[in-house]
file target_31.csv (CSV, C-alpha atoms and all ligand atoms)
chain,number,residue,atom,x,y,z
A,13,MET,CA,0.0,0.0,0.0
A,14,GLU,CA,2.8,2.4,1.0
A,15,LYS,CA,4.8,1.3,-2.0
A,16,LYS,CA,1.8,2.1,-4.3
A,17,GLN,CA,1.4,5.5,-2.7
A,18,ALA,CA,5.0,6.3,-3.2
A,19,LYS,CA,4.8,5.3,-6.9
A,20,ASN,CA,1.7,7.4,-7.3
A,21,ASN,CA,3.4,10.4,-5.7
A,22,ARG,CA,6.4,10.0,-8.0
A,23,ARG,CA,4.1,9.8,-11.0
A,24,ASN,CA,2.2,12.9,-9.9
A,25,PHE,CA,5.5,14.6,-9.3
A,26,LEU,CA,6.7,13.9,-12.8
A,27,LYS,CA,3.3,15.1,-14.1
A,28,THR,CA,3.3,18.4,-12.2
A,29,CYS,CA,6.9,18.9,-13.1
A,30,SER,CA,5.8,19.0,-16.8
A,31,LEU,CA,7.9,15.8,-17.4
A,32,SER,CA,5.0,14.2,-19.1
A,33,THR,CA,7.2,15.1,-22.1
A,34,PHE,CA,9.4,12.1,-21.2
A,35,PRO,CA,10.3,10.2,-24.3
A,36,PHE,CA,8.3,7.1,-25.0
A,37,LEU,CA,10.9,4.6,-24.3
A,38,ILE,CA,12.2,6.1,-21.1
A,39,PRO,CA,10.7,4.4,-18.0
A,40,ILE,CA,8.6,6.9,-16.1
A,41,ASN,CA,10.9,6.5,-13.1
A,42,GLY,CA,13.7,8.2,-14.9
A,43,ILE,CA,16.4,8.7,-17.4
A,44,ASN,CA,18.8,7.0,-15.1
A,45,LYS,CA,16.9,3.7,-15.4
A,46,MET,CA,17.5,3.7,-19.1
A,47,GLU,CA,19.6,0.9,-20.5
A,48,SER,CA,22.8,3.0,-20.5
A,49,ASN,CA,24.7,0.3,-22.3
A,50,LYS,CA,22.3,0.4,-25.1
A,51,ARG,CA,22.6,4.2,-25.3
A,52,ASP,CA,26.4,3.9,-25.5
A,53,THR,CA,26.3,1.7,-28.5
A,54,TYR,CA,24.7,4.4,-30.7
A,55,LYS,CA,26.8,5.9,-33.4
A,56,THR,CA,26.9,9.0,-31.3
A,57,THR,CA,26.5,8.6,-27.5
A,58,THR,CA,24.7,12.0,-27.2
A,59,PRO,CA,21.1,11.7,-28.1
A,60,VAL,CA,19.5,14.5,-29.9
A,61,ASN,CA,16.8,15.2,-27.4
A,62,PHE,CA,13.7,17.4,-27.9
A,63,ILE,CA,12.6,17.0,-24.3
A,64,SER,CA,15.0,18.5,-21.7
A,65,ASP,CA,17.0,21.6,-20.8
A,66,GLY,CA,20.4,20.1,-21.4
A,67,LEU,CA,22.3,17.3,-23.0
A,68,ALA,CA,20.8,14.5,-20.9
A,69,MET,CA,24.2,12.9,-20.6
A,70,SER,CA,24.4,9.2,-19.6
A,71,PRO,CA,26.9,8.4,-16.7
A,72,ASN,CA,29.3,7.2,-19.4
A,73,ASP,CA,29.0,10.5,-21.4
A,74,TYR,CA,29.5,12.4,-18.2
A,75,LEU,CA,32.6,10.5,-17.2
A,76,LEU,CA,34.1,10.9,-20.7
A,77,LYS,CA,33.4,14.7,-20.5
A,78,LEU,CA,35.1,14.9,-17.1
A,79,GLN,CA,38.1,13.1,-18.6
A,80,GLU,CA,38.2,15.4,-21.5
A,81,ILE,CA,38.0,18.5,-19.3
A,82,ASN,CA,40.7,17.0,-17.0
A,83,GLN,CA,43.0,16.2,-19.8
A,84,SER,CA,42.9,19.7,-21.2
A,85,LYS,CA,43.5,21.2,-17.8
A,86,PRO,CA,43.8,19.1,-14.6
A,87,ILE,CA,40.7,19.7,-12.4
A,88,GLU,CA,41.5,21.1,-9.0
A,89,ALA,CA,39.4,19.7,-6.3
A,90,ASP,CA,37.6,21.9,-3.7
A,91,PHE,CA,37.5,21.2,0.0
A,92,TYR,CA,34.0,21.6,1.6
A,93,GLY,CA,33.1,24.2,-1.1
A,94,ASN,CA,36.4,26.1,-0.9
A,95,GLY,CA,39.1,26.4,-3.5
A,96,GLY,CA,39.9,24.7,-6.8
A,97,VAL,CA,37.4,24.7,-9.7
A,98,LEU,CA,34.6,25.7,-7.3
A,99,THR,CA,36.2,29.0,-6.5
A,100,ALA,CA,36.9,29.6,-10.2
A,101,LEU,CA,33.2,28.9,-11.0
A,102,GLU,CA,32.0,31.3,-8.3
A,103,GLU,CA,34.4,34.1,-9.5
A,104,LYS,CA,33.2,33.6,-13.0
A,105,PHE,CA,29.5,33.9,-12.0
A,106,ALA,CA,30.2,37.0,-9.9
A,107,LYS,CA,31.7,38.6,-13.0
A,108,LEU,CA,29.0,37.4,-15.4
A,109,THR,CA,26.2,38.8,-13.2
A,110,GLY,CA,28.1,41.9,-12.1
A,111,LYS,CA,27.5,41.0,-8.4
A,112,GLU,CA,30.2,41.3,-5.7
A,113,LYS,CA,30.2,37.6,-4.8
A,114,ALA,CA,28.8,34.2,-5.8
A,115,ILE,CA,28.5,30.9,-3.8
A,116,TYR,CA,27.9,27.3,-4.8
A,117,LEU,CA,25.0,25.5,-3.1
A,118,PRO,CA,24.0,21.8,-3.5
A,119,THR,CA,20.5,22.7,-4.8
A,120,GLY,CA,18.5,25.6,-6.3
A,121,THR,CA,15.8,25.0,-3.7
A,122,MET,CA,18.3,25.8,-1.0
A,123,ALA,CA,19.5,28.9,-2.9
A,124,ASN,CA,16.0,30.3,-3.3
A,125,GLN,CA,15.1,29.7,0.3
A,126,LEU,CA,18.3,31.1,1.8
A,127,ALA,CA,18.1,34.1,-0.5
A,128,ILE,CA,14.6,34.9,0.7
A,129,LYS,CA,15.5,34.2,4.4
A,130,LEU,CA,18.5,36.5,4.3
A,131,LEU,CA,17.0,39.3,2.2
A,132,ASN,CA,14.0,39.3,4.5
A,133,GLY,CA,15.8,39.7,7.7
A,134,ASP,CA,13.2,40.1,10.4
A,135,ASN,CA,10.4,40.6,7.9
A,136,THR,CA,8.1,37.6,7.8
A,137,LYS,CA,6.5,37.9,4.4
A,138,ALA,CA,7.8,37.4,0.8
A,139,ILE,CA,5.7,37.8,-2.3
A,140,VAL,CA,6.3,35.1,-4.9
A,141,PRO,CA,4.7,34.1,-8.3
A,142,GLU,CA,1.9,31.6,-7.7
A,143,ASN,CA,3.2,29.4,-10.5
A,144,ALA,CA,6.9,29.6,-9.3
A,145,HIS,CA,9.1,26.7,-8.2
A,146,ILE,CA,9.6,28.7,-4.9
A,147,PHE,CA,5.9,28.6,-4.2
A,148,ARG,CA,4.8,25.2,-5.6
A,149,ASP,CA,7.8,22.9,-5.5
A,150,GLU,CA,9.8,23.7,-2.4
A,151,ALA,CA,7.7,21.8,0.2
A,152,ASP,CA,6.8,24.9,2.2
A,153,ALA,CA,10.4,25.3,3.3
A,154,ALA,CA,10.0,29.0,3.8
A,155,GLN,CA,7.2,28.4,6.3
A,156,SER,CA,8.5,25.3,7.9
A,157,VAL,CA,12.2,25.9,8.1
A,158,HIS,CA,12.8,29.6,7.9
A,159,ASN,CA,9.7,31.2,9.5
A,160,LYS,CA,8.8,33.1,6.4
A,161,ARG,CA,5.4,33.3,4.9
A,162,LEU,CA,5.1,33.1,1.1
A,163,VAL,CA,2.3,35.2,-0.4
A,164,PRO,CA,1.4,34.2,-3.9
A,165,VAL,CA,0.7,36.7,-6.7
A,166,GLY,CA,-0.5,36.4,-10.3
A,167,LYS,CA,-2.6,33.2,-10.1
A,168,GLY,CA,-3.7,32.1,-13.5
A,169,LYS,CA,-1.2,34.3,-15.4
A,170,PRO,CA,2.2,33.3,-16.7
A,171,PHE,CA,3.8,36.3,-14.8
A,172,PHE,CA,2.6,39.1,-12.6
A,173,ASN,CA,3.0,42.8,-13.4
A,174,LEU,CA,3.4,45.9,-11.2
A,175,ALA,CA,-0.4,46.4,-10.9
A,176,ASP,CA,-0.8,42.8,-9.6
A,177,LEU,CA,2.0,43.3,-7.1
A,178,LYS,CA,0.5,46.6,-5.8
A,179,ASN,CA,-2.9,45.0,-5.5
A,180,THR,CA,-1.4,42.1,-3.4
A,181,ILE,CA,0.5,44.5,-1.2
A,182,ASP,CA,-2.5,46.8,-0.7
A,183,TYR,CA,-4.7,43.8,0.2
A,184,LEU,CA,-2.1,42.7,2.8
A,185,TYR,CA,-1.8,46.1,4.3
A,186,SER,CA,-5.5,46.9,4.4
A,187,ASN,CA,-6.8,43.5,5.6
A,188,GLU,CA,-4.3,42.3,8.1
A,189,VAL,CA,-4.7,43.6,11.6
A,190,PHE,CA,-1.4,42.7,13.0
A,191,LYS,CA,1.2,44.1,10.7
A,192,SER,CA,4.4,42.1,10.1
A,193,GLY,CA,6.8,43.2,7.5
A,194,LEU,CA,7.1,42.4,3.8
A,195,GLY,CA,10.8,41.9,2.9
A,196,THR,CA,11.2,40.4,-0.5
A,197,ILE,CA,9.6,40.1,-3.9
A,198,ALA,CA,10.7,37.1,-6.1
A,199,ILE,CA,10.4,36.6,-9.8
A,200,GLU,CA,11.1,33.4,-11.8
A,201,ASN,CA,12.5,34.0,-15.4
A,202,PRO,CA,12.0,32.2,-17.7
A,203,ILE,CA,8.9,30.6,-16.2
A,204,ARG,CA,9.0,26.8,-16.1
A,205,ARG,CA,5.3,26.3,-15.5
A,206,ALA,CA,4.6,28.5,-18.5
A,207,ASP,CA,6.7,26.5,-20.9
A,208,GLY,CA,9.7,28.9,-20.6
A,209,THR,CA,7.8,32.1,-21.2
A,210,LEU,CA,9.9,35.2,-20.6
A,211,VAL,CA,8.9,37.9,-18.1
A,212,PRO,CA,9.2,41.0,-20.4
A,213,ILE,CA,12.0,43.3,-19.4
A,214,ASP,CA,9.7,46.3,-19.0
A,215,VAL,CA,7.7,44.4,-16.4
A,216,ILE,CA,10.9,43.6,-14.5
A,217,ARG,CA,12.1,47.2,-14.7
A,218,GLU,CA,8.8,48.6,-13.4
A,219,ILE,CA,8.7,46.2,-10.5
A,220,ALA,CA,12.3,46.7,-9.6
A,221,SER,CA,12.0,50.5,-9.6
A,222,TYR,CA,8.9,50.3,-7.4
A,223,CYS,CA,10.6,47.8,-5.0
A,224,LYS,CA,13.6,50.1,-4.7
A,225,GLU,CA,11.4,53.1,-3.9
A,226,LYS,CA,9.6,51.1,-1.2
A,227,GLY,CA,12.7,49.3,0.2
A,228,TYR,CA,11.6,45.8,-0.8
A,229,LYS,CA,14.4,43.4,-1.7
A,230,MET,CA,14.3,41.4,-5.0
A,231,HIS,CA,15.3,37.8,-5.7
A,232,LEU,CA,15.5,36.2,-9.1
A,233,ASP,CA,15.0,32.5,-9.6
A,234,GLY,CA,17.1,32.4,-12.7
A,235,ALA,CA,17.5,28.6,-12.8
A,236,ARG,CA,17.3,29.0,-16.6
A,237,ILE,CA,18.5,32.6,-17.0
A,238,HIS,CA,20.9,31.6,-19.8
A,239,ILE,CA,18.0,30.7,-22.0
A,240,ALA,CA,16.2,34.0,-21.1
A,241,ALA,CA,19.4,35.8,-22.1
A,242,ALA,CA,19.8,33.8,-25.3
A,243,TYR,CA,16.3,34.5,-26.6
A,244,SER,CA,15.8,38.1,-25.3
A,245,LYS,CA,19.4,39.2,-26.1
A,246,ILE,CA,19.4,40.8,-22.6
A,247,SER,CA,22.7,40.0,-20.8
A,248,LEU,CA,22.9,38.1,-17.5
A,249,ALA,CA,24.4,41.3,-16.0
A,250,GLU,CA,21.4,43.4,-17.0
A,251,TYR,CA,18.9,40.9,-15.7
A,252,ALA,CA,20.9,40.6,-12.4
A,253,SER,CA,21.1,44.4,-12.1
A,254,TYR,CA,17.4,44.6,-11.2
A,255,PHE,CA,17.8,42.0,-8.3
A,256,ASP,CA,19.6,41.8,-5.0
A,257,THR,CA,20.2,38.1,-5.4
A,258,VAL,CA,20.2,35.8,-8.4
A,259,TYR,CA,20.2,32.0,-8.4
A,260,ILE,CA,21.3,30.0,-11.5
A,261,SER,CA,21.1,26.3,-11.9
A,262,LEU,CA,24.2,24.3,-12.9
A,263,TYR,CA,22.3,21.4,-14.3
A,264,LYS,CA,19.6,23.0,-16.5
A,265,TYR,CA,21.8,24.6,-19.2
A,266,LEU,CA,25.3,23.8,-17.9
A,267,ASN,CA,24.9,20.0,-17.9
A,268,ALA,CA,26.3,19.3,-14.4
A,269,THR,CA,24.7,16.5,-12.4
A,270,GLY,CA,23.4,19.1,-9.9
A,271,GLY,CA,24.3,22.3,-8.0
A,272,ALA,CA,23.4,25.9,-7.9
A,273,ILE,CA,25.0,29.3,-7.7
A,274,LEU,CA,23.7,32.3,-5.8
A,275,CYS,CA,25.1,35.8,-6.6
A,276,GLY,CA,24.7,39.0,-4.6
A,277,ASP,CA,26.3,41.5,-2.4
A,278,ALA,CA,29.3,40.2,-0.4
A,279,ALA,CA,27.6,41.1,2.9
A,280,LEU,CA,24.8,38.7,2.1
A,281,ILE,CA,26.7,36.0,0.3
A,282,ASP,CA,29.2,35.8,3.2
A,283,GLN,CA,26.3,34.6,5.4
A,284,VAL,CA,25.3,31.8,3.1
A,285,ALA,CA,28.1,29.2,3.8
A,286,HIS,CA,27.1,29.1,7.5
A,287,GLN,CA,23.4,28.7,6.6
A,288,ILE,CA,24.2,25.8,4.2
A,289,LYS,CA,26.1,24.1,7.1
A,290,ILE,CA,23.1,24.6,9.4
A,291,LEU,CA,20.9,22.8,6.8
A,292,GLY,CA,23.5,20.0,6.4
A,293,GLY,CA,24.3,21.0,2.9
A,294,THR,CA,28.0,21.4,3.1
A,295,VAL,CA,29.2,18.7,0.7
A,296,PHE,CA,32.8,17.5,1.1
A,297,GLN,CA,33.7,17.8,-2.6
A,298,ASN,CA,31.8,19.4,-5.4
A,299,TRP,CA,34.3,19.6,-8.2
A,300,SER,CA,32.6,17.1,-10.5
A,301,ASN,CA,29.7,19.5,-10.8
A,302,ALA,CA,31.7,22.7,-10.9
A,303,ALA,CA,34.2,21.4,-13.6
A,304,VAL,CA,31.4,20.5,-15.9
A,305,ALA,CA,29.4,23.7,-15.3
A,306,LEU,CA,32.5,25.8,-15.8
A,307,HIS,CA,33.2,23.9,-19.1
A,308,TYR,CA,29.8,24.6,-20.5
A,309,LEU,CA,29.7,28.2,-19.3
A,310,GLU,CA,32.6,28.9,-21.6
A,311,GLY,CA,31.2,30.1,-24.9
A,312,ILE,CA,27.5,29.6,-23.9
A,313,GLU,CA,26.3,32.8,-25.6
A,314,LYS,CA,27.9,31.9,-28.9
A,315,ARG,CA,26.6,28.3,-28.8
A,316,TRP,CA,23.1,29.5,-28.2
A,317,GLU,CA,23.3,31.9,-31.1
A,318,GLU,CA,24.1,28.8,-33.2
A,319,ILE,CA,21.4,26.7,-31.5
A,320,ILE,CA,18.7,29.4,-32.2
A,321,LEU,CA,19.8,29.7,-35.8
A,322,THR,CA,20.0,25.9,-36.4
A,323,SER,CA,16.7,25.2,-34.6
A,324,SER,CA,14.8,27.8,-36.7
A,325,LYS,CA,16.0,26.1,-39.8
A,326,LEU,CA,15.1,22.7,-38.4
A,327,ILE,CA,11.6,23.9,-37.3
A,328,ALA,CA,11.0,25.5,-40.7
A,329,ASP,CA,12.0,22.3,-42.5
A,330,LEU,CA,9.9,20.1,-40.2
A,331,ASN,CA,6.9,22.4,-40.7
A,332,ASN,CA,7.3,21.7,-44.4
A,333,MET,CA,6.8,18.0,-43.8
A,334,LYS,CA,3.1,17.0,-44.2
A,335,GLY,CA,1.3,16.5,-40.9
A,336,ILE,CA,3.8,18.3,-38.7
A,337,SER,CA,3.0,21.7,-37.1
A,338,ILE,CA,5.5,23.3,-34.7
A,339,LYS,CA,4.5,26.7,-33.3
A,340,PRO,CA,6.2,29.1,-31.0
A,341,ILE,CA,4.7,30.2,-27.7
A,342,THR,CA,3.9,33.9,-27.0
A,343,ASN,CA,7.0,35.5,-25.3
A,344,GLY,CA,8.5,32.0,-25.5
A,345,THR,CA,12.0,30.7,-25.5
A,346,ASN,CA,13.1,27.2,-26.4
A,347,ILE,CA,9.8,25.3,-26.0
A,348,TYR,CA,7.4,25.0,-28.9
A,349,ASN,CA,4.0,23.4,-29.3
A,350,MET,CA,4.1,20.5,-31.8
A,351,GLU,CA,1.0,18.9,-33.2
A,352,ILE,CA,1.0,15.8,-35.4
A,353,ALA,CA,-1.8,15.0,-37.9
A,354,GLU,CA,-3.9,12.0,-36.9
A,355,LYS,CA,-2.6,9.9,-39.9
A,356,ILE,CA,0.8,9.9,-38.3
A,357,ASP,CA,1.1,7.5,-35.3
A,358,LEU,CA,3.1,9.6,-32.8
A,359,LYS,CA,4.1,6.6,-30.7
A,360,LYS,CA,5.5,4.8,-33.8
A,361,LEU,CA,7.3,7.9,-34.9
A,362,ALA,CA,8.9,8.5,-31.5
A,363,ILE,CA,9.9,4.8,-31.1
A,364,TYR,CA,11.5,4.8,-34.5
A,365,LEU,CA,13.4,8.0,-33.9
A,366,TYR,CA,14.6,6.7,-30.6
A,367,ASN,CA,15.6,3.2,-31.7
A,368,GLU,CA,17.1,4.0,-35.0
A,369,HIS,CA,18.5,7.5,-34.6
A,370,SER,CA,18.8,8.2,-30.9
A,371,ILE,CA,16.4,11.1,-31.2
A,372,TRP,CA,14.1,11.6,-28.3
A,373,LEU,CA,10.6,13.0,-28.6
A,374,GLY,CA,8.2,13.5,-25.8
A,375,ARG,CA,4.7,12.3,-25.2
A,376,ALA,CA,1.6,14.4,-26.2
A,377,ASN,CA,-0.3,16.1,-23.4
A,378,GLU,CA,-4.1,15.9,-22.9
A,379,GLU,CA,-4.6,18.5,-25.7
A,380,GLY,CA,-2.5,16.4,-28.1
A,381,ILE,CA,0.4,18.8,-27.9
A,382,VAL,CA,4.0,17.7,-27.7
A,383,LYS,CA,6.3,20.2,-26.0
A,384,PHE,CA,9.1,20.3,-28.5
A,385,THR,CA,12.1,21.5,-26.6
A,386,ILE,CA,15.3,22.8,-28.1
A,387,ASN,CA,18.7,22.4,-26.4
A,388,GLU,CA,22.3,22.1,-27.4
A,389,SER,CA,22.0,18.5,-28.3
A,390,ILE,CA,20.9,19.6,-31.8
A,391,LEU,CA,24.5,20.8,-32.4
A,392,THR,CA,25.9,17.3,-31.9
A,393,ARG,CA,24.4,16.0,-35.2
A,394,SER,CA,24.1,17.6,-38.7
A,395,LEU,CA,20.8,19.2,-39.5
A,396,GLU,CA,20.6,17.0,-42.6
A,397,ASP,CA,20.9,13.8,-40.5
A,398,ILE,CA,18.2,14.9,-38.1
A,399,LEU,CA,15.9,15.8,-41.0
A,400,ILE,CA,16.5,12.5,-42.8
A,401,ALA,CA,15.6,10.6,-39.6
A,402,TRP,CA,12.3,12.6,-39.3
A,403,LYS,CA,11.4,12.1,-42.9
A,404,LYS,CA,11.9,8.3,-42.6
A,405,GLY,CA,10.1,8.2,-39.3
A,406,ILE,CA,7.1,10.0,-40.7
A,407,GLU,CA,7.0,7.6,-43.6
A,408,LYS,CA,7.1,4.6,-41.3
A,409,ALA,CA,4.5,6.1,-38.8
A,410,SER,CA,2.1,7.0,-41.6
A,411,ALA,CA,1.6,3.5,-42.9
B,501,LIG,C1,12.6,27.3,-11.9
B,501,LIG,C2,13.3,26.4,-10.9
B,501,LIG,N1,13.8,26.9,-9.8
B,501,LIG,C3,14.4,26.1,-8.9
B,501,LIG,C4,14.6,24.8,-9.1
B,501,LIG,C5,15.2,23.9,-8.1
B,501,LIG,O1,16.5,23.4,-8.4
B,501,LIG,P1,17.1,22.2,-7.6
B,501,LIG,O2,16.5,20.9,-8.3
B,501,LIG,O3,18.5,22.3,-7.8
B,501,LIG,O4,16.6,22.3,-6.2
B,501,LIG,C6,14.1,24.2,-10.3
B,501,LIG,C7,14.2,22.8,-10.6
B,501,LIG,O5,13.5,22.2,-11.3
B,501,LIG,C8,13.4,25.1,-11.2
B,501,LIG,O6,12.9,24.6,-12.4

call {"tool": "encode", "arguments": {"input": "target_31.csv", "output": "structure tokens"}}
result
Amino acid sequence: MEKKQAKNNRRNFLKTCSLSTFPFLIPINGINKMESNKRDTYKTTTPVNFISDGLAMSPNDYLLKLQEINQSKPIEADFYGNGGVLTALEEKFAKLTGKEKAIYLPTGTMANQLAIKLLNGDNTKAIVPENAHIFRDEADAAQSVHNKRLVPVGKGKPFFNLADLKNTIDYLYSNEVFKSGLGTIAIENPIRRADGTLVPIDVIREIASYCKEKGYKMHLDGARIHIAAAYSKISLAEYASYFDTVYISLYKYLNATGGAILCGDAALIDQVAHQIKILGGTVFQNWSNAAVALHYLEGIEKRWEEIILTSSKLIADLNNMKGISIKPITNGTNIYNMEIAEKIDLKKLAIYLYNEHSIWLGRANEEGIVKFTINESILTRSLEDILIAWKKGIEKASA
């Protein structure tokens, strides 16, 4: 009974995480359960995947990458988060975001929660987007661990604007009898639960200038900020300039197996290491994540220019194939809505692409839409090869 419940929760977790886009042949309990030996026998070990943020490397690919990095320059280990490649990564992120300091944390969840806790000081409330990871996916850590109350804003919308924020603040101040302070406003950009939608820069600017005037602090959940920068052409430094703290994931677009970076003023960042220790998050060595993240950070802007160019050609050519429709999302980034005509069997197509070409395609959602996600795996194969595979796949699946 308990086992069944755990399984259901896991399924529900995957569903609410928008991972219903898992490719057909990957067991629902995860990419790691895939037959990794089989993956490694493909002509190229890197699958071209249209489902995830990053390269979705197998353990074998990951180890090979670490070897390659180590051979070009020996990786220097860190010691409980200090020194070596970890310090190099932190310094690089501080520079990139224009902040005084950056610190490595084991998870983005911890980075978000500690940022809010420290920015808030004695204030008890923080306003966060209703659809944000901070609000929906962090197990009420703010309330249960840090004594902070998260107040949601913008329910039913991809992002909130200044008017929504003012309404929420007015409501709090006019309806709550015992006043306790509001300390921080958080924004997530791009927004995972809105298929990677961008928060328009004017909206961020307006909110930031209001918060500055009122003395509220601002935190950015920029887990995927690289993708926001790539599609909006707004630099990480400009995005970061509107916020007191910025968190960036090391595994979404930098292909590490985990880890997070939090950037901000030295006075705040200097308090973070102690907080990580209190939470039991001080990991002995973190170099395997830091080395891979640092490697993929190098040249990321240039690569994404190429990815965007290549993917627009790919999408245009796929749209020219009968029965395929791939459309962008309003204010979107790298996630598109793909629809397949009824005469093409999506399952057959996906299985053929997976088995014969190591191309991963997700499942359709209840509306029949496949979330077609672009990432840097498309640079690992020629456009021609990808298109030939699709053409053959459509033929086979149309029979
Ligand atoms: C927008 C966003 N913020 C934060 C996180 C948390 O990252 P982590 O898994 O490192 O805790 C995620 C992870 O999915 C995310 O999508």

call {"tool": "residues_around", "arguments": {"input": "target_31.csv", "residues": "Phe255 of chain A", "least_positions_apart": "4", "cutoff": "12 Å", "atoms": "only C-alpha atoms", "output": "ChimeraX atom specification"}}
result
/A:109-111,127-128,131,196-201,216-217,219-221,223-224,228-234,248-251,259,274-277

call {"tool": "residues_near_ligand", "arguments": {"input": "target_31.csv", "ligand": "ligand LIG 501 (chain B)", "cutoff": "9 Å", "atoms": "all atoms listed in the file", "output": "JSON, numbers by chain"}}
result
{"A": [29, 117, 118, 119, 120, 121, 122, 123, 124, 144, 145, 146, 149, 150, 200, 201, 202, 203, 204, 205, 233, 234, 235, 236, 259, 260, 261, 262, 263, 264, 270, 271, 272]}

call {"tool": "atom_distance", "arguments": {"input": "target_31.csv", "atom1": "atom CA of Tyr243 of chain A", "atom2": "atom CA of Asn332 of chain A"}}
result
23.7 Å

call {"tool": "closest_residue", "arguments": {"input": "target_31.csv", "among": "A:Ser192, A:Ser370, A:Thr269, A:Ser337", "to": "Glu354 of chain A", "atoms": "only C-alpha atoms"}}
result
A:Ser337

call {"tool": "closest_residue", "arguments": {"input": "target_31.csv", "among": "A:Asn143, A:Thr345, A:Ser64, A:Asn367", "to": "Lys245 of chain A", "atoms": "only C-alpha atoms"}}
result
A:Thr345

call {"tool": "residues_around", "arguments": {"input": "target_31.csv", "residues": "Glu379 of chain A", "least_positions_apart": "3", "cutoff": "12 Å", "atoms": "only C-alpha atoms", "output": "list in words"}}
result
Asn349, Met350, Glu351, Ile352, Arg375, Ala376, Val382 and Lys383 of chain A

call {"tool": "closest_residue", "arguments": {"input": "target_31.csv", "among": "A:Thr99, A:Thr209, A:Thr257, A:Asn173", "to": "Tyr222 of chain A", "atoms": "only C-alpha atoms"}}
result
A:Asn173

call {"tool": "build_atoms", "arguments": {"input": "target_31.csv", "residues": "segment 117-121 of chain A", "atoms": "all heavy atoms", "output": "JSON list (two decimals), in the frame of the given file"}}
result
[["chain", "number", "residue", "atom", "x", "y", "z"],
["A", 117, "LEU", "N", 25.88, 26.20, -4.05],
["A", 117, "LEU", "CA", 25.00, 25.50, -3.10],
["A", 117, "LEU", "C", 24.62, 24.14, -3.76],
["A", 117, "LEU", "O", 24.62, 24.02, -4.99],
["A", 117, "LEU", "CB", 23.69, 26.25, -2.86],
["A", 117, "LEU", "CG", 23.84, 27.59, -2.15],
["A", 117, "LEU", "CD1", 23.81, 28.72, -3.15],
["A", 117, "LEU", "CD2", 22.73, 27.78, -1.12],
["A", 118, "PRO", "N", 24.27, 23.15, -2.92],
["A", 118, "PRO", "CA", 24.00, 21.80, -3.50],
["A", 118, "PRO", "C", 22.69, 21.84, -4.36],
["A", 118, "PRO", "O", 22.58, 21.04, -5.29],
["A", 118, "PRO", "CB", 23.81, 20.91, -2.31],
["A", 118, "PRO", "CG", 23.59, 21.80, -1.13],
["A", 118, "PRO", "CD", 24.26, 23.10, -1.46],
["A", 119, "THR", "N", 21.72, 22.70, -4.03],
["A", 119, "THR", "CA", 20.50, 22.70, -4.80],
["A", 119, "THR", "C", 19.98, 24.18, -5.01],
["A", 119, "THR", "O", 20.26, 25.06, -4.19],
["A", 119, "THR", "CB", 19.32, 21.95, -4.19],
["A", 119, "THR", "OG1", 18.94, 22.62, -2.98],
["A", 119, "THR", "CG2", 19.67, 20.51, -3.90],
["A", 120, "GLY", "N", 19.18, 24.33, -6.07],
["A", 120, "GLY", "CA", 18.50, 25.60, -6.30],
["A", 120, "GLY", "C", 17.46, 25.89, -5.27],
["A", 120, "GLY", "O", 17.22, 27.04, -4.90],
["A", 121, "THR", "N", 16.82, 24.83, -4.79],
["A", 121, "THR", "CA", 15.80, 25.00, -3.70],
["A", 121, "THR", "C", 16.44, 25.67, -2.53],
["A", 121, "THR", "O", 15.88, 26.64, -1.98],
["A", 121, "THR", "CB", 15.25, 23.60, -3.36],
["A", 121, "THR", "OG1", 14.70, 23.01, -4.54],
["A", 121, "THR", "CG2", 14.20, 23.69, -2.29]]
